[in-house]
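Student: My structure is below; once you've seen it, I'll send some questions.
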Amino acid sequence: MSPRPPAAATPRLALTGISKAYPTVVANDGIDLVVLPGEIHAVLGENGAGKSTLMKIIYGVTKADAGEIAWNGEPVRIDNPAQARRLGIGMVFQQFSLFETLTVAENIALAVEDSRDLDALARRIEEVSARYGIPLDPKQLVHSQSVGERQRVEIVRCLLQKPELVIMDEPTSVLAPQAVRKLFETLRLLAREGCSILYISHRLDEIKELCDSATILRGGKVTGTVDPRDESASSLARMMIGKALPVFAHGEADEGGEERLVVAGLTRKADTQFGTDLDDIHLSVRSGEIVGIAGISGNGQQELLAALSGERTSREASEIHFGGRQVGRLGAAARRDLGLVFVPEERLGRGAVANMSLADNALLTAHRLNMVRFGLIRFGEVRSFADRCVDRFNVICGGVEADAKSLSGGNLQKFIVGREFLQEPRIVVAAQPTWGVDVGAAAAIRQALIEMRGAGVAVLVISEDLDELFEICDRIAVIAKGRLSPAKRTSETSIEEIGLWMSGLFPEGPATPAEASGVG
Amino acid sequence: MTGLETTVAILVSILGAGTPLVFAALGELIAERSGVLNLGVEGMMLVGAVCGFIAAAETGSPVAAVIVGVLAGAGMALIFGVLTLTLMANQVATGLALTIFGIGVSAYIGIDYTSVALPSISPVHIPGLSDLPLIGPLLFSLDPLIYLSFAALAGVSWFLYRSRAGLVLRGVGESPESAHAIGYPVIRIRYAAVLFGGAMAGLGGVYLSVAYTPMWVEGMTAGRGWIALALVVFATWRPARVLIGAYLFGGVTIVQFHLQGAGVEVAPQLLSMLPYLATIAVLVVISRDINTIRLNSPASLGKTYHPDAH
């Protein structure tokens, strides 16, 4: 089993035979897991492998159907999160559990039991943030914080409870590369002080760099407990997805394509104080090219996407061109008529309607493909199109009549990508196309993007995942505080440079070096 | 009466006209801050009014009236709580039903009391201070329930912004999922908030039937419950603004009475509309800033929360 720790140590946490079944799926099936004091232990698995359910059981959010939990050698029952916290279990959530309209200190006060005095608490917050190198302003309102800052609030909140075990759920999915390194330093320091860490991720390189041991889940079962430093990425992937990772075919960029999508001097005030103003954005995407826009979320991506998709029209028609035509004042439907397809970040609510079937969701944007005649829907056409999306992208679902909300996030994303890409577009705009999607599905989506490029489509990808952008893009630009950097050819830049640009440090960027040190 | 005395009398009657709204709206504000939208305020006020009135008529004690009215309002809120928080019924539909139920049930149990008269409650005279000119009669010889409404405002403001429990309440209203994840009993907190809302609506009703116009008339709240609901929204869930709105409503009510009395050539129906129109118009204008709304409105308002659904 776990090769490193001395056999004599009492495990901090030991799970035996944990099982949990939901009406349609067995999420956990006889899972054993041992975490030693001061150990950074990875839980690795695809979406739907049962990681989140397992963590919820440990943190008392959900109850297991069967199995035992031992805490420092003693059998315990954990019925709710408050009890978990009293034992010394803290959790940093993937989707943050913060209250946006409260200040940092108030948010923390809500979770720390002995905190009647906010000023005293603010001092403790500053102490902890200095000790672990996590800068935080206790008086700041959470809604005005970046995602990275919010994560720091979660971490500090967790540390103030003096935990003996910290559960971190995909903590790096929202961070810039420099911030990831700082986070790892913090985690290693914590572990040296004897705190155990359960680190959930599907990023193999991170786990190899950080973790002392790893438990790998597939389909609710443990498929291996290993020392990740002794494994290769491909051997870990095999345990995780049951087969080798797919490889991409990625030919040379076609330099001669026409400029399909041009953004010329797009400037726009944000609608609310929570938004970001767009400041003089210039961008061009040629046919047969993938351009990526990197950046930490909340730097203007939402606003830019709304401007491109036509959800928000411009006052000046000339701010956006599709193949020489000015479309700034056209709405979303008119732009789609001109060959734009759009994969939004929010799958439910923007990409698909939760309570409608997959077939009906397909109709929503693909009705242009001859699915409506004389104002009436041709249901046969709709179903066969939806079937094609399901087949082509291997969507796991209960048929095309299943509600969109019944699909897992990754499968729904594959369906939406299929629906958009099978419309033979001229321009693709995709936001976070593989966010929260498991390795196998992410590979399929990236492959589809590359095929679009091969077919002469202009592809724009906005993503926080730098590895992904470097894998598929021909050119990469960075958005920071509503300004867009020049796009650099992927072969002429590096993750380090793009990471630096993400804090606003690019030619004509919004940040001075002094400011940038506080970012990320 | 001298001009000064008339002015003071008008101001005192404005305080009186606004007070039922202060009670009902502060109660609803707390309920909504926890994320529960209870549209049954009108019904809870009516039931509180009639039960308080009956208690006063039977015992002659205003204290008993207040206690009974508060309990009756809280009882109505308990029905609402069981339906929406335990049985997870839709809050809007349940609230509307509660109002209709309250109108009917209050009319029914009040049948025998429609022509009963109550002695009015004597104002509290604070020795020394109440003899001061102008502010004496205005501030120091009021109906005791008006003093209670001042205390309620101070209490609710302190609770919301200074106490830990108030912080928890705001947290639950903004994100019940997060509050549950860090270990707060969301449903229990919402029950407490809803019950407080009902008790305060009941108190507003008692004030109307026992102090403001000491008699019971079917449907005597005349839409004040709805105005209280509107006040909470347009005051962007802030107690001090609720008070402003309530007295604005009271003020226009009294002014239009005087206009009617003076025989102004406007249809009385139009004048009776004025308080409702003016209150909403002013509040809409002063609270149209989208940022204040986002910062103060409880994000989970009106949404049913299932603790086990995720």
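Each chain in the structure tokens gets a letter, A, B and so on, in the order shown; residues start at 1 in every chain, and ligands are counted from 1 in the order they appear.
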Fewer than 5 positions away in the same chain doesn't count, so skip those; otherwise give me all residues within 12 Å of Thr19 (chain B), counting only C-alpha atoms, as a PDB file with C-alpha atoms, in the first residue's frame.

Tutor:
ATOM      1  CA  VAL B  12     -48.693  62.861  16.139  1.00  0.00           C
ATOM      2  CA  SER B  13     -51.431  61.403  13.977  1.00  0.00           C
ATOM      3  CA  ILE B  14     -48.863  60.787  11.210  1.00  0.00           C
ATOM      4  CA  ALA B  24     -45.381  44.711   9.924  1.00  0.00           C
ATOM      5  CA  ALA B  25     -42.567  45.793   7.609  1.00  0.00           C
ATOM      6  CA  LEU B  26     -39.804  45.249  10.189  1.00  0.00           C
ATOM      7  CA  LEU B 142     -47.378  59.204  22.841  1.00  0.00           C
ATOM      8  CA  ASP B 143     -49.186  55.957  22.751  1.00  0.00           C
ATOM      9  CA  PRO B 144     -46.972  53.269  24.379  1.00  0.00           C
ATOM     10  CA  LEU B 145     -47.092  51.114  21.247  1.00  0.00           C
ATOM     11  CA  ILE B 146     -45.464  53.917  19.257  1.00  0.00           C
ATOM     12  CA  TYR B 147     -42.566  53.839  21.706  1.00  0.00           C
ATOM     13  CA  LEU B 148     -42.460  50.088  21.193  1.00  0.00           C
ATOM     14  CA  SER B 149     -42.166  50.631  17.425  1.00  0.00           C
ATOM     15  CA  PHE B 150     -39.144  52.917  17.991  1.00  0.00           C
ATOM     16  CA  ALA B 151     -37.608  50.203  20.151  1.00  0.00           C
ATOM     17  CA  ALA B 152     -38.382  47.613  17.470  1.00  0.00           C
ATOM     18  CA  LEU B 153     -36.558  49.659  14.851  1.00  0.00           C
ATOM     19  CA  MET B 200     -44.706  41.681  14.259  1.00  0.00           C
ATOM     20  CA  ALA B 201     -47.496  41.618  11.663  1.00  0.00           C
ATOM     21  CA  LEU B 203     -48.596  43.485  16.548  1.00  0.00           C
ATOM     22  CA  GLY B 204     -49.218  45.876  13.659  1.00  0.00           C
ATOM     23  CA  GLY B 205     -52.751  44.529  13.433  1.00  0.00           C
ATOM     24  CA  VAL B 206     -53.368  44.962  17.179  1.00  0.00           C
ATOM     25  CA  TYR B 207     -52.157  48.520  16.967  1.00  0.00           C
ATOM     26  CA  LEU B 208     -54.709  49.240  14.258  1.00  0.00           C
ATOM     27  CA  ALA B 211     -55.009  51.818  19.528  1.00  0.00           C
ATOM     28  CA  TYR B 212     -55.262  53.618  16.190  1.00  0.00           C
ATOM     29  CA  ARG B 224     -51.508  47.936   4.690  1.00  0.00           C
ATOM     30  CA  ALA B 228     -45.588  46.770   4.255  1.00  0.00           C
ATOM     31  CA  VAL B 242     -38.659  51.177   6.188  1.00  0.00           C
ATOM     32  CA  LEU B 243     -39.328  53.798   8.845  1.00  0.00           C
ATOM     33  CA  ILE B 244     -39.103  56.630   6.315  1.00  0.00           C
ATOM     34  CA  GLY B 245     -41.517  54.854   3.998  1.00  0.00           C
ATOM     35  CA  ALA B 246     -43.959  54.079   6.790  1.00  0.00           C
ATOM     36  CA  TYR B 247     -44.150  57.691   7.959  1.00  0.00           C
ATOM     37  CA  LEU B 248     -44.407  58.899   4.397  1.00  0.00           C
ATOM     38  CA  PHE B 249     -47.421  56.665   4.011  1.00  0.00           C
ATOM     39  CA  GLY B 250     -48.780  57.914   7.332  1.00  0.00           C
ATOM     40  CA  GLY B 251     -48.148  61.510   6.346  1.00  0.00           C
TER      41      GLY B 251
END

Student: Write out as a VMD selection string the residues lying within 10 Å of Val284 (chain B), counting only C-alpha atoms and excluding same-chain residues fewer than 6 positions away.

Tutor: chain B and resid 230 to 231 233 to 236 278

Student: Report, in Å to a single decimal, how far apart CA of Ala64 (chain B) and CA of Val105 (chain B) are.

Tutor: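 Interatomic distance, CA of Val105 (chain B) to CA of Ala64 (chain B): 20.6 Å.
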
Student: Any idea which chain A residues end up within 6 Å of chain B if we count only C-alpha atoms, as a list in words please?

Tutor: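 Matching residues, ligands excluded from the count: Pro81, Ala82, Ser97 and Thr101 of chain A.
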
Student: Within 9 Å of Ala97 (chain B), counting only C-alpha atoms, which residues qualify if same-chain residues fewer than 5 places away don't, as a list in words?

Tutor: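 In the requested format, the answer is Leu39, Gly40, Gly43, Val92 and Gly102 of chain B.
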
Student: How would the residues just picked look written out with N, CA and C atoms as a PDB file, in the first residue's frame?

Tutor:
ATOM      1  N   LEU B  39     -45.907  36.367   1.634  1.00  0.00           N
ATOM      2  CA  LEU B  39     -46.878  37.331   1.114  1.00  0.00           C
ATOM      3  C   LEU B  39     -48.144  37.353   1.963  1.00  0.00           C
ATOM      4  N   GLY B  40     -48.135  36.660   3.098  1.00  0.00           N
ATOM      5  CA  GLY B  40     -49.333  36.590   3.927  1.00  0.00           C
ATOM      6  C   GLY B  40     -49.425  37.700   4.964  1.00  0.00           C
ATOM      7  N   GLY B  43     -52.911  39.029   5.728  1.00  0.00           N
ATOM      8  CA  GLY B  43     -53.708  38.059   6.480  1.00  0.00           C
ATOM      9  C   GLY B  43     -53.278  37.958   7.933  1.00  0.00           C
ATOM     10  N   VAL B  92     -44.618  31.788  -2.685  1.00  0.00           N
ATOM     11  CA  VAL B  92     -45.527  32.814  -3.212  1.00  0.00           C
ATOM     12  C   VAL B  92     -46.975  32.336  -3.110  1.00  0.00           C
ATOM     13  N   GLY B 102     -56.520  34.527   5.977  1.00  0.00           N
ATOM     14  CA  GLY B 102     -56.574  35.490   7.081  1.00  0.00           C
ATOM     15  C   GLY B 102     -57.759  36.433   6.951  1.00  0.00           C
TER      16      GLY B 102
END

Student: For Gly351 (chain A), work out the shell of residues within 9 Å, counting only C-alpha atoms and skipping chain neighbours fewer than 4 positions away, then give it as a ChimeraX atom specification.

Tutor: /A:342-347,361,413,416

Student: With all heavy atoms kept, could you save the residues just selected as a compact mmCIF listing (two decimals), in the first residue's frame?

Tutor:
# COMPACT_ATOMS: atom_id res chain seq x y z
N PHE A 342 -21.50 29.35 -30.55
CA PHE A 342 -21.03 29.86 -29.27
C PHE A 342 -21.21 28.78 -28.22
O PHE A 342 -22.30 28.24 -28.06
CB PHE A 342 -21.86 31.11 -28.95
CG PHE A 342 -21.54 31.75 -27.62
CD1 PHE A 342 -20.24 32.09 -27.30
CD2 PHE A 342 -22.54 32.02 -26.71
CE1 PHE A 342 -19.95 32.68 -26.08
CE2 PHE A 342 -22.26 32.62 -25.49
CZ PHE A 342 -20.96 32.95 -25.19
N VAL A 343 -20.13 28.44 -27.52
CA VAL A 343 -20.21 27.50 -26.40
C VAL A 343 -19.97 28.29 -25.13
O VAL A 343 -18.84 28.68 -24.84
CB VAL A 343 -19.14 26.39 -26.53
CG1 VAL A 343 -19.24 25.43 -25.35
CG2 VAL A 343 -19.31 25.64 -27.84
N PRO A 344 -21.02 28.60 -24.38
CA PRO A 344 -20.84 29.47 -23.21
C PRO A 344 -20.26 28.71 -22.04
O PRO A 344 -20.20 27.48 -22.03
CB PRO A 344 -22.26 29.93 -22.90
CG PRO A 344 -23.13 28.83 -23.39
CD PRO A 344 -22.41 28.19 -24.55
N GLU A 345 -19.82 29.48 -21.05
CA GLU A 345 -19.21 28.87 -19.87
C GLU A 345 -20.26 28.17 -19.01
O GLU A 345 -20.05 27.06 -18.54
CB GLU A 345 -18.52 29.97 -19.07
CG GLU A 345 -17.76 29.46 -17.88
CD GLU A 345 -17.05 30.58 -17.14
OE1 GLU A 345 -16.99 31.70 -17.67
OE2 GLU A 345 -16.59 30.33 -16.03
N GLU A 346 -21.40 28.82 -18.80
CA GLU A 346 -22.44 28.21 -17.97
C GLU A 346 -23.22 27.24 -18.82
O GLU A 346 -23.89 27.63 -19.75
CB GLU A 346 -23.43 29.24 -17.41
CG GLU A 346 -22.81 30.33 -16.60
CD GLU A 346 -22.65 31.58 -17.43
OE1 GLU A 346 -22.25 31.44 -18.61
OE2 GLU A 346 -22.93 32.66 -16.94
N ARG A 347 -23.15 25.97 -18.44
CA ARG A 347 -23.82 24.96 -19.26
C ARG A 347 -25.32 25.02 -19.06
O ARG A 347 -26.08 25.01 -20.02
CB ARG A 347 -23.33 23.58 -18.86
CG ARG A 347 -22.02 23.35 -19.53
CD ARG A 347 -21.08 22.54 -18.71
NE ARG A 347 -19.74 23.02 -19.00
CZ ARG A 347 -18.67 22.58 -18.41
NH1 ARG A 347 -18.76 21.66 -17.48
NH2 ARG A 347 -17.50 23.07 -18.72
N ASN A 361 -33.29 20.99 -26.61
CA ASN A 361 -32.14 21.87 -26.48
C ASN A 361 -31.37 21.96 -27.80
O ASN A 361 -30.85 23.02 -28.13
CB ASN A 361 -31.21 21.37 -25.37
CG ASN A 361 -31.55 21.98 -24.02
OD1 ASN A 361 -31.47 23.19 -23.85
ND2 ASN A 361 -31.98 21.15 -23.09
N GLN A 413 -21.66 19.12 -21.43
CA GLN A 413 -20.76 19.95 -22.22
C GLN A 413 -20.47 19.29 -23.56
O GLN A 413 -20.47 19.94 -24.60
CB GLN A 413 -19.45 20.19 -21.44
CG GLN A 413 -18.44 21.05 -22.15
CD GLN A 413 -18.88 22.51 -22.23
OE1 GLN A 413 -19.99 22.86 -21.84
NE2 GLN A 413 -18.02 23.35 -22.75
N ILE A 416 -23.41 19.91 -25.78
CA ILE A 416 -23.50 21.30 -26.27
C ILE A 416 -22.45 21.54 -27.35
O ILE A 416 -22.74 22.14 -28.39
CB ILE A 416 -23.32 22.29 -25.10
CG1 ILE A 416 -24.51 22.16 -24.15
CG2 ILE A 416 -23.21 23.71 -25.60
CD1 ILE A 416 -24.33 22.90 -22.84

Student: What are the DSSP strand (DSSP E) residues of region 158-276 of chain A, as number ranges by chain?

Tutor: A: 165-169, 196-201, 213-218, 221-226, 259-268

Student: How would the residues just picked look written out with C-alpha atoms as a short mmCIF file (atom, residue, chain, number, x, y, z; two decimals), in the first residue's frame?

Tutor:
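Contents of again-v5.cif, as written:
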data_model
loop_
_atom_site.label_atom_id
_atom_site.label_comp_id
_atom_site.auth_asym_id
_atom_site.auth_seq_id
_atom_site.Cartn_x
_atom_site.Cartn_y
_atom_site.Cartn_z
CA LEU A 165 -7.13 17.54 8.19
CA VAL A 166 -7.85 19.92 5.33
CA ILE A 167 -9.86 18.79 2.32
CA MET A 168 -9.04 20.76 -0.82
CA ASP A 169 -11.41 20.27 -3.73
CA SER A 196 -2.95 16.21 6.85
CA ILE A 197 -4.26 17.29 3.48
CA LEU A 198 -6.67 15.50 1.19
CA TYR A 199 -6.04 16.94 -2.23
CA ILE A 200 -8.68 16.30 -4.87
CA SER A 201 -7.71 16.86 -8.45
CA SER A 213 0.47 9.32 -1.83
CA ALA A 214 -2.57 9.00 -4.03
CA THR A 215 -5.79 7.01 -4.01
CA ILE A 216 -7.27 6.63 -7.47
CA LEU A 217 -10.99 6.18 -8.02
CA ARG A 218 -12.84 4.97 -11.07
CA LYS A 221 -14.19 2.03 -6.70
CA VAL A 222 -10.55 2.33 -5.67
CA THR A 223 -8.35 1.29 -8.59
CA GLY A 224 -5.05 1.90 -6.87
CA THR A 225 -3.16 3.46 -3.97
CA VAL A 226 0.28 4.59 -5.08
CA GLU A 259 -9.62 37.40 -41.19
CA ARG A 260 -12.97 35.93 -40.11
CA LEU A 261 -13.52 37.49 -36.73
CA VAL A 262 -12.19 40.97 -36.04
CA VAL A 263 -12.68 43.04 -32.93
CA ALA A 264 -11.64 46.64 -33.50
CA GLY A 265 -11.46 48.99 -30.53
CA LEU A 266 -14.22 47.41 -28.46
CA THR A 267 -14.78 49.63 -25.42
CA ARG A 268 -17.61 49.21 -23.01
#

Student: For Ile40 (chain A), work out the shell of residues within 12 Å, counting only C-alpha atoms and skipping chain neighbours fewer than 4 positions away, then give it as a short mmCIF file (atom, residue, chain, number, x, y, z; two decimals) with N, CA, C and O atoms, in the first residue's frame.

Tutor:
data_model
loop_
_atom_site.label_atom_id
_atom_site.label_comp_id
_atom_site.auth_asym_id
_atom_site.auth_seq_id
_atom_site.Cartn_x
_atom_site.Cartn_y
_atom_site.Cartn_z
N SER A 2 0.49 2.26 0.69
CA SER A 2 1.24 3.51 0.67
C SER A 2 2.66 3.26 1.15
O SER A 2 2.87 2.83 2.27
N ARG A 4 5.43 5.19 1.77
CA ARG A 4 6.31 6.11 2.46
C ARG A 4 6.20 6.08 3.98
O ARG A 4 7.20 5.91 4.67
N PRO A 5 4.98 6.22 4.53
CA PRO A 5 4.88 6.47 5.97
C PRO A 5 5.28 5.27 6.80
O PRO A 5 5.13 4.13 6.37
N ARG A 12 -4.45 9.50 10.64
CA ARG A 12 -5.32 10.61 11.00
C ARG A 12 -6.76 10.24 10.66
O ARG A 12 -7.67 10.42 11.47
N VAL A 34 -6.71 5.69 3.60
CA VAL A 34 -5.97 5.96 4.83
C VAL A 34 -5.13 7.22 4.63
O VAL A 34 -4.37 7.31 3.67
N VAL A 35 -5.29 8.19 5.54
CA VAL A 35 -4.49 9.41 5.48
C VAL A 35 -3.70 9.51 6.78
O VAL A 35 -4.27 9.44 7.87
N LEU A 36 -2.37 9.66 6.65
CA LEU A 36 -1.52 9.73 7.84
C LEU A 36 -1.31 11.17 8.28
O LEU A 36 -1.50 12.09 7.48
N GLU A 164 -6.88 19.55 11.71
CA GLU A 164 -5.85 18.51 11.62
C GLU A 164 -5.91 17.82 10.26
O GLU A 164 -5.03 17.05 9.90
N LEU A 165 -7.01 18.08 9.54
CA LEU A 165 -7.13 17.54 8.19
C LEU A 165 -7.84 18.60 7.35
O LEU A 165 -8.89 19.11 7.74
N VAL A 166 -7.23 18.95 6.23
CA VAL A 166 -7.85 19.92 5.33
C VAL A 166 -8.20 19.21 4.02
O VAL A 166 -7.35 18.53 3.44
N ILE A 167 -9.45 19.35 3.60
CA ILE A 167 -9.86 18.79 2.32
C ILE A 167 -9.84 19.91 1.30
O ILE A 167 -10.47 20.94 1.50
N MET A 168 -9.09 19.73 0.22
CA MET A 168 -9.04 20.76 -0.82
C MET A 168 -9.62 20.18 -2.10
O MET A 168 -9.08 19.22 -2.66
N PHE A 184 1.04 25.82 -3.24
CA PHE A 184 1.77 24.59 -2.91
C PHE A 184 2.72 24.82 -1.74
O PHE A 184 2.86 23.98 -0.86
N THR A 186 2.30 26.97 0.68
CA THR A 186 1.46 27.02 1.87
C THR A 186 1.08 25.61 2.32
O THR A 186 1.15 25.28 3.50
N LEU A 187 0.70 24.78 1.36
CA LEU A 187 0.26 23.43 1.71
C LEU A 187 1.42 22.61 2.30
O LEU A 187 1.23 21.87 3.26
N ARG A 188 2.61 22.78 1.73
CA ARG A 188 3.75 22.02 2.25
C ARG A 188 4.08 22.46 3.67
O ARG A 188 4.39 21.64 4.54
N LEU A 189 3.99 23.79 3.91
CA LEU A 189 4.25 24.31 5.25
C LEU A 189 3.26 23.73 6.25
O LEU A 189 3.61 23.27 7.34
N LEU A 190 1.99 23.70 5.84
CA LEU A 190 0.94 23.14 6.69
C LEU A 190 1.23 21.69 7.01
O LEU A 190 1.12 21.24 8.16
N ALA A 191 1.62 20.93 5.98
CA ALA A 191 1.86 19.51 6.17
C ALA A 191 3.04 19.29 7.12
O ALA A 191 3.01 18.40 7.97
N ARG A 192 4.08 20.15 6.99
CA ARG A 192 5.24 20.01 7.90
C ARG A 192 4.82 20.22 9.34
O ARG A 192 5.40 19.67 10.25
N GLU A 193 3.81 21.06 9.56
CA GLU A 193 3.33 21.29 10.92
C GLU A 193 2.44 20.16 11.42
O GLU A 193 1.85 20.25 12.49
N GLY A 194 2.25 19.13 10.60
CA GLY A 194 1.50 17.96 11.06
C GLY A 194 0.08 17.87 10.56
O GLY A 194 -0.64 16.93 10.88
N CYS A 195 -0.36 18.88 9.82
CA CYS A 195 -1.73 18.85 9.30
C CYS A 195 -1.78 17.92 8.08
O CYS A 195 -0.90 17.96 7.22
N SER A 196 -2.79 17.07 8.02
CA SER A 196 -2.95 16.21 6.85
C SER A 196 -3.78 16.95 5.80
O SER A 196 -4.64 17.75 6.14
N ILE A 197 -3.51 16.63 4.55
CA ILE A 197 -4.26 17.29 3.48
C ILE A 197 -4.78 16.25 2.51
O ILE A 197 -4.05 15.37 2.05
N LEU A 198 -6.08 16.33 2.24
CA LEU A 198 -6.67 15.50 1.19
C LEU A 198 -6.82 16.39 -0.02
O LEU A 198 -7.56 17.38 0.02
N TYR A 199 -6.14 16.05 -1.09
CA TYR A 199 -6.04 16.94 -2.23
C TYR A 199 -6.75 16.30 -3.42
O TYR A 199 -6.30 15.30 -3.96
N ILE A 200 -7.88 16.88 -3.79
CA ILE A 200 -8.68 16.30 -4.87
C ILE A 200 -8.34 16.99 -6.17
O ILE A 200 -8.34 18.23 -6.23
N GLU A 206 0.23 18.10 -11.19
CA GLU A 206 0.18 18.70 -9.85
C GLU A 206 0.32 17.63 -8.78
O GLU A 206 1.02 17.81 -7.78
N ILE A 207 -0.38 16.55 -8.99
CA ILE A 207 -0.36 15.50 -7.98
C ILE A 207 1.03 14.90 -7.87
O ILE A 207 1.53 14.63 -6.78
N LYS A 208 1.68 14.73 -9.02
CA LYS A 208 3.05 14.19 -8.99
C LYS A 208 3.99 15.15 -8.27
O LYS A 208 4.90 14.73 -7.57
N GLU A 209 3.74 16.46 -8.41
CA GLU A 209 4.64 17.44 -7.81
C GLU A 209 4.42 17.56 -6.31
O GLU A 209 5.35 17.74 -5.54
N LEU A 210 3.17 17.46 -5.88
CA LEU A 210 2.82 17.86 -4.51
C LEU A 210 2.63 16.70 -3.54
O LEU A 210 2.97 16.81 -2.37
N CYS A 211 2.05 15.61 -4.02
CA CYS A 211 1.45 14.66 -3.06
C CYS A 211 2.38 13.53 -2.65
O CYS A 211 3.22 13.09 -3.43
N ASP A 212 2.21 13.06 -1.41
CA ASP A 212 3.00 11.95 -0.89
C ASP A 212 2.41 10.61 -1.29
O ASP A 212 3.11 9.62 -1.40
N SER A 213 1.09 10.57 -1.39
CA SER A 213 0.47 9.32 -1.83
C SER A 213 -0.84 9.67 -2.53
O SER A 213 -1.33 10.80 -2.41
N ALA A 214 -1.38 8.72 -3.26
CA ALA A 214 -2.57 9.00 -4.03
C ALA A 214 -3.49 7.79 -4.02
O ALA A 214 -3.03 6.65 -4.12
N THR A 215 -4.79 8.05 -3.86
CA THR A 215 -5.79 7.01 -4.01
C THR A 215 -6.56 7.33 -5.28
O THR A 215 -7.01 8.46 -5.46
N ASP A 227 2.34 5.80 -4.71
CA ASP A 227 3.14 7.00 -4.51
C ASP A 227 3.24 7.68 -5.88
O ASP A 227 3.88 7.14 -6.78
N PRO A 228 2.61 8.82 -6.04
CA PRO A 228 2.52 9.41 -7.39
C PRO A 228 3.90 9.77 -7.95
O PRO A 228 4.06 9.85 -9.17
#

Student: Between B:Ile30, B:Val252, B:Met220, B:Val63, single out the one closest to Ile121 (chain B), counting only C-alpha atoms.

Tutor: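 Between B:Ile30, B:Val252, B:Met220, B:Val63, the residue approaching Ile121 (chain B) most closely is B:Val63.
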
Student: If we count only C-alpha atoms, what is near Val457 (chain A) at a cut-off of 8 Å, once residues fewer than 3 positions away on the same chain are taken out, given as a VMD selection string?

Tutor: chain A and resid 287 to 289 425 to 428 452 to 454

Student: How would you write, as a ChimeraX atom specification, the set of residues in region 26-213 of chain B that DSSP gives as alpha helix (DSSP H)?

Tutor: /B:26-33,41-59,62-81,91-109,135-139,144-162,164-174,176-181,186-206
